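Q: Enclosed is the structure file my_file23.txt (compact mmCIF, C-alpha atoms).
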# COMPACT_ATOMS: atom_id res chain seq x y z
CA MET A 1 1.33 3.17 -13.78
CA ASP A 2 -2.25 2.15 -14.15
CA ILE A 3 -5.08 3.05 -11.83
CA LEU A 4 -6.17 -0.60 -12.05
CA ASP A 5 -2.75 -1.67 -10.73
CA THR A 6 -3.46 0.37 -7.62
CA LEU A 7 -6.78 -1.42 -7.16
CA GLN A 8 -4.95 -4.71 -7.66
CA ILE A 9 -2.47 -3.83 -4.90
CA SER A 10 -5.27 -2.92 -2.48
CA ALA A 11 -7.07 -6.14 -3.40
CA THR A 12 -4.01 -8.21 -2.42
CA GLY A 13 -3.85 -6.24 0.84
CA LEU A 14 -7.51 -6.95 1.56
CA SER A 15 -7.22 -10.65 0.84
CA ALA A 16 -4.01 -10.99 2.87
CA GLU A 17 -5.71 -9.39 5.87
CA ARG A 18 -8.70 -11.68 5.36
CA VAL A 19 -6.40 -14.73 5.46
CA ARG A 20 -4.96 -13.38 8.72
CA LEU A 21 -8.50 -12.93 10.04
CA GLN A 22 -9.27 -16.56 9.18
CA ALA A 23 -6.09 -17.69 10.97
CA ILE A 24 -7.09 -15.72 14.07
CA ALA A 25 -10.60 -17.19 13.94
CA SER A 26 -9.08 -20.66 13.67
CA ASN A 27 -6.70 -19.99 16.57
CA LEU A 28 -9.42 -18.64 18.84
CA ALA A 29 -11.85 -21.43 17.93
CA ASN A 30 -9.16 -24.00 18.76
CA ALA A 31 -7.72 -22.28 21.83
CA ARG A 32 -8.57 -25.34 23.93
CA THR A 33 -8.37 -28.11 21.33
CA THR A 34 -6.30 -30.93 22.77
CA ARG A 35 -6.28 -33.34 19.85
CA THR A 36 -5.92 -33.09 16.09
CA GLU A 37 -7.01 -35.38 13.26
CA ASP A 38 -3.50 -36.78 12.77
CA GLY A 39 -3.25 -37.52 16.48
CA ALA A 40 -0.12 -35.40 16.94
CA GLY A 41 -0.94 -33.57 20.12
CA PRO A 42 -2.85 -30.32 20.58
CA TYR A 43 -3.83 -27.82 17.86
CA GLN A 44 -0.95 -25.69 16.62
CA ARG A 45 -1.41 -21.96 16.27
CA ARG A 46 -1.60 -20.73 12.63
CA MET A 47 0.52 -17.76 11.54
CA PRO A 48 0.18 -16.44 7.96
CA VAL A 49 3.48 -15.18 6.49
CA PHE A 50 3.23 -12.01 4.41
CA GLU A 51 5.66 -11.23 1.60
CA ALA A 52 5.95 -8.07 -0.51
CA GLN A 53 5.95 -8.92 -4.21
CA GLN A 54 6.96 -6.62 -7.01
CA LEU A 55 3.88 -5.94 -9.10
CA ASP A 56 5.63 -5.28 -12.43
CA PRO A 57 9.30 -6.33 -12.49
CA PHE A 58 9.66 -5.20 -16.11
CA GLY A 59 7.91 -1.83 -15.82
CA SER A 60 9.34 1.64 -15.47
CA ALA A 61 11.55 2.60 -12.53
CA LEU A 62 8.44 3.89 -10.78
CA ASP A 63 6.35 0.77 -11.52
CA ARG A 64 9.10 -1.44 -10.12
CA GLU A 65 8.67 0.26 -6.74
CA LEU A 66 5.08 -0.94 -6.46
CA ALA A 67 4.62 -4.02 -4.30
CA SER A 68 1.57 -6.14 -3.71
CA VAL A 69 1.37 -8.42 -0.68
CA GLN A 70 1.04 -12.20 -0.84
CA VAL A 71 0.48 -14.80 1.84
CA THR A 72 3.31 -17.18 0.97
CA ASP A 73 2.86 -19.61 3.83
CA VAL A 74 0.72 -20.35 6.85
CA ALA A 75 3.31 -21.33 9.44
CA LEU A 76 2.57 -23.46 12.49
CA ASP A 77 3.58 -22.27 15.93
CA GLU A 78 5.99 -25.00 17.08
CA ARG A 79 5.95 -24.04 20.74
CA PRO A 80 4.92 -27.00 22.93
CA GLY A 81 1.88 -25.38 24.51
CA ARG A 82 0.61 -25.18 28.07
CA ALA A 83 0.60 -28.22 30.30
CA VAL A 84 -2.37 -28.17 32.65
CA TYR A 85 -2.86 -30.70 35.45
CA ASP A 86 -6.20 -32.37 34.81
CA PRO A 87 -5.95 -36.14 35.45
CA GLY A 88 -9.63 -36.75 34.55
CA HIS A 89 -9.18 -35.45 31.00
CA PRO A 90 -9.18 -38.16 28.28
CA ASP A 91 -6.03 -36.61 26.74
CA ALA A 92 -4.09 -36.46 30.02
CA ASP A 93 -0.66 -38.12 29.99
CA ALA A 94 0.58 -40.62 32.59
CA ASP A 95 1.37 -37.78 35.05
CA GLY A 96 -2.10 -36.28 34.63
CA PHE A 97 -1.05 -33.32 32.48
CA VAL A 98 -3.04 -32.19 29.44
CA LEU A 99 -1.29 -30.22 26.68
CA TYR A 100 -3.26 -27.21 25.50
CA PRO A 101 -2.35 -25.17 22.36
CA ALA A 102 0.09 -22.24 22.66
CA VAL A 103 -2.74 -19.84 21.85
CA ASP A 104 -2.76 -16.66 23.92
CA VAL A 105 -6.28 -15.25 23.67
CA MET A 106 -5.10 -11.75 24.57
CA ASN A 107 -2.49 -11.92 21.81
CA GLU A 108 -5.07 -13.08 19.26
CA MET A 109 -7.46 -10.27 20.20
CA VAL A 110 -4.75 -7.66 19.63
CA ASP A 111 -3.95 -9.29 16.28
CA LEU A 112 -7.65 -9.21 15.48
CA MET A 113 -7.75 -5.45 16.11
CA THR A 114 -4.70 -4.65 13.99
CA THR A 115 -6.01 -6.91 11.20
CA SER A 116 -9.34 -5.13 11.22
CA ARG A 117 -7.62 -1.71 11.08
CA SER A 118 -5.33 -2.80 8.24
CA TYR A 119 -8.31 -4.15 6.31
CA GLU A 120 -10.06 -0.81 6.78
CA ALA A 121 -6.99 1.09 5.57
CA ASN A 122 -6.89 -0.96 2.36
CA ALA A 123 -10.62 -0.47 1.83
CA ASN A 124 -10.09 3.29 2.21
CA VAL A 125 -7.41 3.20 -0.47
CA VAL A 126 -9.89 1.50 -2.81
CA ASP A 127 -12.41 4.30 -2.17
CA THR A 128 -9.83 7.02 -2.80
CA THR A 129 -8.60 5.28 -5.96
CA ARG A 130 -12.15 5.28 -7.25
CA GLU A 131 -12.53 8.98 -6.42
CA LEU A 132 -9.32 9.85 -8.26
CA ALA A 133 -10.37 7.82 -11.32
CA MET A 134 -13.80 9.45 -11.37
CA ARG A 135 -12.24 12.90 -11.04
CA ALA A 136 -9.93 12.16 -13.97
CA LEU A 137 -12.98 11.34 -16.09
CA GLU A 138 -14.47 14.74 -15.26
CA ILE A 139 -11.49 16.86 -16.31
CA GLY A 140 -12.66 19.46 -18.81
CA ARG A 141 -16.36 18.69 -18.39
CA MET B 1 -1.65 23.73 -33.41
CA SER B 2 -0.60 21.31 -30.76
CA SER B 3 1.43 24.04 -29.12
CA MET B 4 -1.79 25.84 -28.18
CA THR B 5 -3.88 22.99 -26.75
CA PHE B 6 -0.95 21.30 -25.13
CA ASP B 7 1.13 24.24 -24.02
CA PRO B 8 3.71 23.85 -21.23
CA LEU B 9 1.12 24.65 -18.59
CA VAL B 10 -1.23 21.85 -19.65
CA ARG B 11 1.66 19.46 -20.00
CA GLY B 12 2.98 20.49 -16.60
CA LEU B 13 -0.42 19.93 -14.99
CA GLN B 14 -0.70 16.53 -16.68
CA THR B 15 2.72 15.56 -15.34
CA VAL B 16 1.71 16.53 -11.81
CA LEU B 17 -1.50 14.48 -12.15
CA ASP B 18 0.58 11.49 -13.25
CA LEU B 19 2.91 12.00 -10.28
CA ARG B 20 -0.01 12.20 -7.85
CA ILE B 21 -1.47 8.98 -9.27
CA ALA B 22 1.97 7.38 -8.93
CA GLN B 23 2.18 8.50 -5.30
CA HIS B 24 -1.29 7.07 -4.72
CA GLY B 25 -0.06 3.75 -6.10
CA LEU B 26 2.89 3.82 -3.70
CA THR B 27 0.56 4.60 -0.79
CA ALA B 28 -1.62 1.63 -1.79
CA SER B 29 1.51 -0.49 -1.89
CA ASN B 30 2.61 0.79 1.53
CA LEU B 31 -0.74 0.15 3.19
CA ALA B 32 -1.08 -3.29 1.59
CA ASN B 33 2.31 -4.16 3.09
CA ALA B 34 1.66 -2.53 6.47
CA ASP B 35 2.09 -5.95 8.13
CA THR B 36 4.89 -7.35 5.95
CA PRO B 37 8.09 -7.76 7.98
CA GLY B 38 11.04 -5.81 6.58
CA TYR B 39 8.97 -3.83 4.07
CA ARG B 40 10.02 -0.18 3.77
CA ALA B 41 7.49 2.55 3.00
CA LYS B 42 8.11 4.29 -0.32
CA VAL B 43 7.22 7.87 -1.20
CA ILE B 44 7.89 10.20 -4.11
CA ASP B 45 10.17 13.04 -3.09
CA PHE B 46 7.82 15.77 -4.36
CA GLU B 47 9.84 18.62 -2.93
CA HIS B 48 12.89 17.42 -4.80
CA VAL B 49 11.02 17.02 -8.09
CA LEU B 50 9.21 20.34 -7.83
CA ALA B 51 12.32 22.21 -6.71
CA GLN B 52 14.09 20.89 -9.77
CA ALA B 53 11.25 21.99 -11.99
CA VAL B 54 10.95 25.47 -10.47
CA ASP B 55 14.22 26.60 -8.94
CA GLU B 56 16.79 25.26 -11.33
CA PRO B 57 15.68 26.15 -14.83
CA SER B 58 19.27 26.56 -15.89
CA ALA B 59 20.41 23.21 -14.54
CA MET B 60 21.38 20.42 -16.94
CA ARG B 61 18.89 20.68 -19.74
CA ARG B 62 18.43 18.38 -22.70
CA THR B 63 18.45 19.95 -26.14
CA ASP B 64 17.04 16.80 -27.68
CA PRO B 65 14.54 14.46 -26.01
CA ARG B 66 16.52 11.48 -27.31
CA HIS B 67 19.54 12.50 -25.22
CA LEU B 68 20.13 10.58 -22.04
CA GLU B 69 19.25 12.12 -18.70
CA ALA B 70 22.12 13.79 -16.90
CA GLY B 71 21.45 11.98 -13.63
CA GLY B 72 19.04 12.86 -10.86
CA ALA B 73 15.27 12.62 -10.83
CA THR B 74 12.92 14.19 -13.34
CA ALA B 75 9.20 14.78 -13.26
CA THR B 76 8.58 11.72 -15.42
CA ASP B 77 11.07 9.55 -13.54
CA PRO B 78 10.85 10.88 -10.00
CA LEU B 79 13.00 10.04 -7.06
CA VAL B 80 11.36 7.40 -4.88
CA VAL B 81 12.55 7.51 -1.29
CA GLU B 82 12.43 4.58 1.11
CA LEU B 83 11.60 5.60 4.65
CA ASP B 84 13.63 4.16 7.50
CA PRO B 85 11.81 2.16 10.17
CA ALA B 86 11.25 3.80 13.52
CA PRO B 87 13.74 2.77 16.23
CA TRP B 88 11.00 0.85 18.07
CA SER B 89 9.96 -1.11 14.99
CA VAL B 90 10.60 -4.76 15.86
CA ASP B 91 10.11 -6.26 12.38
CA GLY B 92 11.93 -3.62 10.30
CA ASN B 93 8.67 -2.44 8.71
CA SER B 94 8.58 1.35 8.23
CA VAL B 95 4.91 1.77 7.31
CA LEU B 96 3.01 3.98 9.74
CA PRO B 97 -0.66 3.55 8.77
CA GLU B 98 -1.64 6.98 10.15
CA ARG B 99 1.08 8.69 8.15
CA GLU B 100 0.09 6.83 4.98
CA THR B 101 -3.61 7.61 5.43
CA ALA B 102 -2.82 11.30 5.93
CA ARG B 103 -0.55 11.22 2.90
CA MET B 104 -3.33 9.62 0.88
CA SER B 105 -5.80 12.37 1.85
CA SER B 106 -3.43 15.25 1.10
CA ASN B 107 -2.38 13.58 -2.14
CA ALA B 108 -6.02 13.23 -3.25
CA LEU B 109 -6.57 16.87 -2.32
CA MET B 110 -3.61 17.96 -4.44
CA TYR B 111 -4.90 15.81 -7.29
CA GLU B 112 -8.25 17.59 -7.03
CA ALA B 113 -6.52 20.99 -7.01
CA VAL B 114 -4.44 20.23 -10.09
CA ALA B 115 -7.44 18.71 -11.91
CA LYS B 116 -9.32 21.93 -11.14
CA GLY B 117 -6.46 23.93 -12.61
CA LEU B 118 -6.68 21.81 -15.76
CA ASP B 119 -10.46 22.38 -15.82
CA HIS B 120 -9.95 26.15 -15.74
CA LYS B 121 -7.32 26.00 -18.45
CA LEU B 122 -9.70 24.03 -20.69
CA ASP B 123 -12.55 26.43 -19.78
CA LEU B 124 -10.42 29.26 -21.14
CA LEU B 125 -9.85 27.35 -24.36
CA ARG B 126 -13.57 26.65 -24.67
CA PHE B 127 -14.29 30.33 -24.01
CA ALA B 128 -11.94 31.25 -26.83
CA VAL B 129 -13.19 28.75 -29.43
CA THR B 130 -16.83 29.68 -28.84
CA ASP B 131 -16.21 33.43 -29.31
CA GLY B 132 -16.72 34.09 -25.64
CA LYS B 133 -20.22 32.56 -25.50
CA ALA B 134 -19.45 29.61 -23.21
Will you turn the file into structure tokens for me?
A:
Amino acid sequence: MDILDTLQISATGLSAERVRLQAIASNLANARTTRTEDGAGPYQRRMPVFEAQQLDPFGSALDRELASVQVTDVALDERPGRAVYDPGHPDADADGFVLYPAVDVMNEMVDLMTTSRSYEANANVVDTTRELAMRALEIGR
Amino acid sequence: MSSMTFDPLVRGLQTVLDLRIAQHGLTASNLANADTPGYRAKVIDFEHVLAQAVDEPSAMRRTDPRHLEAGGATATDPLVVELDPAPWSVDGNSVLPERETARMSSNALMYEAVAKGLDHKLDLLRFAVTDGKA
């Protein structure tokens, strides 16, 4: 068990939350994007997939309990999206319906809040880890 | 010689410091995985470890450090408990950020307390080796 391992774990937590933040930013920016570069319909909502990964599979029993977090995939939301009647729109189909992405702004805002809180929590752990390490250096001073 | 500087008290305090650092690592792990589906929060069962160290001095004891442990957790190989997710948890994740943050604070406080105890112990040693002048 190394104090640097703890910092490493918090670092993975911070970067995972940052990836989620980027996905939310992308989703909100493209909430009304009706076409994509490959021409396959509206923008699809991005969802990062988090996975706990053992930090040290060959360490002591205690070290094997430590898990960092990795973004293993950024999944696409396969739901068809909202059909809105707007015959004047250049991307309207024959019946006059335009397909908008399945991005729920309310949903994204809630995700944004939890992401921000989780990021803060990891940053707090970094601070406390630093305090503990500094205190260890002062033992017996 | 080593028996004086590293008497059972100092060694005990060192062990507790190690345990507190280990718990801090688990808390870091828990908070990093606060949004990982299916992840279960892990904590060191301090009460169990300390009860074993204090209340059961006559329990299974090794006469030689090379002997194998007679089961159960020890201070150097503590019992790590996985917490069950709350009934309303939809993704099977049992990390409650508030609980982990509170645990982190109290753990850091205990670390500080034990480090202070070690400071005092070393102060006494310094007092002794300087003929009571320090």
Q: So, counting all atoms listed in the file, which residue among B:Thr36, B:Ser94, B:Gln23, B:Gln14 is closest to chain A?
A: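 Nearest to chain A: B:Thr36.
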Q: Using all atoms listed in the file, what does the table of chain A residues within 10 Å of chain B look like, with each row giving the shortest atom pair and its distance in Å to one decimal, sorted by chain and ascending number, as CSV?
A:
residue,atom,partner,partner_atom,distance
A:Met1,CA,B:Ala22,CA,6.5
A:Asp2,CA,B:Ile21,CA,8.4
A:Ile3,CA,B:Ile21,CA,7.4
A:Leu4,CA,B:Gly25,CA,9.6
A:Asp5,CA,B:Gly25,CA,7.6
A:Thr6,CA,B:Gly25,CA,5.0
A:Leu7,CA,B:Ala28,CA,8.0
A:Gln8,CA,B:Ala28,CA,9.3
A:Ile9,CA,B:Ser29,CA,6.0
A:Ser10,CA,B:Ala32,CA,5.9
A:Ala11,CA,B:Ala32,CA,8.3
A:Thr12,CA,B:Ala32,CA,7.0
A:Gly13,CA,B:Ala32,CA,4.1
A:Leu14,CA,B:Ala32,CA,7.4
A:Ser15,CA,B:Ala32,CA,9.6
A:Ala16,CA,B:Ala32,CA,8.3
A:Glu17,CA,B:Ala32,CA,8.8
A:Val49,CA,B:Thr36,CA,8.0
A:Phe50,CA,B:Thr36,CA,5.2
A:Glu51,CA,B:Thr36,CA,5.9
A:Ala52,CA,B:Asn33,CA,6.4
A:Gln53,CA,B:Asn33,CA,9.4
A:Gln54,CA,B:Ser29,CA,9.7
A:Leu55,CA,B:Ser29,CA,9.3
A:Ser60,CA,B:Asp77,CA,8.3
A:Ala61,CA,B:Asp77,CA,7.0
A:Leu62,CA,B:Asp77,CA,6.8
A:Asp63,CA,B:Ala22,CA,8.3
A:Glu65,CA,B:Leu26,CA,7.4
A:Leu66,CA,B:Ser29,CA,5.8
A:Ala67,CA,B:Ser29,CA,5.3
A:Ser68,CA,B:Ser29,CA,5.9
A:Val69,CA,B:Asn33,CA,5.8
A:Gln70,CA,B:Asn33,CA,9.0
A:Val71,CA,B:Thr36,CA,9.6
A:Thr114,CA,B:Asp35,CA,9.1
A:Thr115,CA,B:Asp35,CA,8.7
A:Arg117,CA,B:Pro97,CA,9.0
A:Ser118,CA,B:Ala34,CA,7.2
A:Tyr119,CA,B:Ala32,CA,8.7
A:Ala121,CA,B:Leu31,CA,6.8
A:Asn122,CA,B:Leu31,CA,6.3
A:Ala123,CA,B:Ala28,CA,9.9
A:Asn124,CA,B:Thr101,CA,8.4
A:Val125,CA,B:Ala28,CA,6.1
A:Val126,CA,B:Ala28,CA,8.3
A:Thr128,CA,B:Ala108,CA,7.3
A:Thr129,CA,B:His24,CA,7.6
A:Glu131,CA,B:Ala108,CA,8.4
A:Leu132,CA,B:Ala108,CA,6.9
A:Ala133,CA,B:Ile21,CA,9.2
A:Arg135,CA,B:Glu112,CA,7.3
A:Ala136,CA,B:Ala115,CA,7.3
A:Glu138,CA,B:Asp119,CA,8.6
A:Ile139,CA,B:Asp119,CA,5.6
A:Gly140,CA,B:Asp119,CA,4.7
A:Arg141,CA,B:Asp119,CA,7.4
Q: Would you write out those residues with C-alpha atoms, as a PDB file, in the frame of the given file?
A:
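Output saved as result_4.pdb:
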ATOM      1  CA  MET A   1       1.330   3.170 -13.780  1.00  0.00           C
ATOM      2  CA  ASP A   2      -2.250   2.150 -14.150  1.00  0.00           C
ATOM      3  CA  ILE A   3      -5.080   3.050 -11.830  1.00  0.00           C
ATOM      4  CA  LEU A   4      -6.170  -0.600 -12.050  1.00  0.00           C
ATOM      5  CA  ASP A   5      -2.750  -1.670 -10.730  1.00  0.00           C
ATOM      6  CA  THR A   6      -3.460   0.370  -7.620  1.00  0.00           C
ATOM      7  CA  LEU A   7      -6.780  -1.420  -7.160  1.00  0.00           C
ATOM      8  CA  GLN A   8      -4.950  -4.710  -7.660  1.00  0.00           C
ATOM      9  CA  ILE A   9      -2.470  -3.830  -4.900  1.00  0.00           C
ATOM     10  CA  SER A  10      -5.270  -2.920  -2.480  1.00  0.00           C
ATOM     11  CA  ALA A  11      -7.070  -6.140  -3.400  1.00  0.00           C
ATOM     12  CA  THR A  12      -4.010  -8.210  -2.420  1.00  0.00           C
ATOM     13  CA  GLY A  13      -3.850  -6.240   0.840  1.00  0.00           C
ATOM     14  CA  LEU A  14      -7.510  -6.950   1.560  1.00  0.00           C
ATOM     15  CA  SER A  15      -7.220 -10.650   0.840  1.00  0.00           C
ATOM     16  CA  ALA A  16      -4.010 -10.990   2.870  1.00  0.00           C
ATOM     17  CA  GLU A  17      -5.710  -9.390   5.870  1.00  0.00           C
ATOM     18  CA  VAL A  49       3.480 -15.180   6.490  1.00  0.00           C
ATOM     19  CA  PHE A  50       3.230 -12.010   4.410  1.00  0.00           C
ATOM     20  CA  GLU A  51       5.660 -11.230   1.600  1.00  0.00           C
ATOM     21  CA  ALA A  52       5.950  -8.070  -0.510  1.00  0.00           C
ATOM     22  CA  GLN A  53       5.950  -8.920  -4.210  1.00  0.00           C
ATOM     23  CA  GLN A  54       6.960  -6.620  -7.010  1.00  0.00           C
ATOM     24  CA  LEU A  55       3.880  -5.940  -9.100  1.00  0.00           C
ATOM     25  CA  SER A  60       9.340   1.640 -15.470  1.00  0.00           C
ATOM     26  CA  ALA A  61      11.550   2.600 -12.530  1.00  0.00           C
ATOM     27  CA  LEU A  62       8.440   3.890 -10.780  1.00  0.00           C
ATOM     28  CA  ASP A  63       6.350   0.770 -11.520  1.00  0.00           C
ATOM     29  CA  GLU A  65       8.670   0.260  -6.740  1.00  0.00           C
ATOM     30  CA  LEU A  66       5.080  -0.940  -6.460  1.00  0.00           C
ATOM     31  CA  ALA A  67       4.620  -4.020  -4.300  1.00  0.00           C
ATOM     32  CA  SER A  68       1.570  -6.140  -3.710  1.00  0.00           C
ATOM     33  CA  VAL A  69       1.370  -8.420  -0.680  1.00  0.00           C
ATOM     34  CA  GLN A  70       1.040 -12.200  -0.840  1.00  0.00           C
ATOM     35  CA  VAL A  71       0.480 -14.800   1.840  1.00  0.00           C
ATOM     36  CA  THR A 114      -4.700  -4.650  13.990  1.00  0.00           C
ATOM     37  CA  THR A 115      -6.010  -6.910  11.200  1.00  0.00           C
ATOM     38  CA  ARG A 117      -7.620  -1.710  11.080  1.00  0.00           C
ATOM     39  CA  SER A 118      -5.330  -2.800   8.240  1.00  0.00           C
ATOM     40  CA  TYR A 119      -8.310  -4.150   6.310  1.00  0.00           C
ATOM     41  CA  ALA A 121      -6.990   1.090   5.570  1.00  0.00           C
ATOM     42  CA  ASN A 122      -6.890  -0.960   2.360  1.00  0.00           C
ATOM     43  CA  ALA A 123     -10.620  -0.470   1.830  1.00  0.00           C
ATOM     44  CA  ASN A 124     -10.090   3.290   2.210  1.00  0.00           C
ATOM     45  CA  VAL A 125      -7.410   3.200  -0.470  1.00  0.00           C
ATOM     46  CA  VAL A 126      -9.890   1.500  -2.810  1.00  0.00           C
ATOM     47  CA  THR A 128      -9.830   7.020  -2.800  1.00  0.00           C
ATOM     48  CA  THR A 129      -8.600   5.280  -5.960  1.00  0.00           C
ATOM     49  CA  GLU A 131     -12.530   8.980  -6.420  1.00  0.00           C
ATOM     50  CA  LEU A 132      -9.320   9.850  -8.260  1.00  0.00           C
ATOM     51  CA  ALA A 133     -10.370   7.820 -11.320  1.00  0.00           C
ATOM     52  CA  ARG A 135     -12.240  12.900 -11.040  1.00  0.00           C
ATOM     53  CA  ALA A 136      -9.930  12.160 -13.970  1.00  0.00           C
ATOM     54  CA  GLU A 138     -14.470  14.740 -15.260  1.00  0.00           C
ATOM     55  CA  ILE A 139     -11.490  16.860 -16.310  1.00  0.00           C
ATOM     56  CA  GLY A 140     -12.660  19.460 -18.810  1.00  0.00           C
ATOM     57  CA  ARG A 141     -16.360  18.690 -18.390  1.00  0.00           C
TER      58      ARG A 141
END
Q: Which residues come within 8 Å of A:Pro80, counting all atoms listed in the file, excluding same-chain residues fewer than 5 positions away, as a ChimeraX atom specification?
A: /A:99,101-102
Q: Atom CA of B:Pro87 and atom CA of A:Asp104, how far apart in Å?
A: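 Spanning atom CA of A:Asp104 to atom CA of B:Pro87 is a straight-line distance of 26.6 Å.
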Q: Any idea what the distance is between atom CA of B:Leu96 and atom CA of A:Phe58?
A: 28.2 Å
Q: Taking into account only C-alpha atoms, which residue in the set A:Leu112, A:Ala92, A:Val103, A:Ala75 is nearest to A:Ala29?
A: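 Nearest candidate to A:Ala29 out of A:Leu112, A:Ala92, A:Val103, A:Ala75: A:Val103.
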Q: My list of candidates is A:Glu120, A:Asp93, A:Glu37, A:Glu108. Which is closest to A:Ala25 when distances are computed with all atoms listed in the file?
A: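 Closest residue, counting all atoms listed in the file: A:Glu108.
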Q: So how far away is atom CA of B:Ala41 from atom CA of A:Gly59, in Å?
A: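 It comes out at 19.3 Å.
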Q: Can you pull out the residues contacting A:Arg46? Cut-off 7 Å, using only C-alpha atoms, and skip same-chain residues under 6 positions away; I want them as an NGL selection string.
A: :A and (23 or 27 or 74-77)
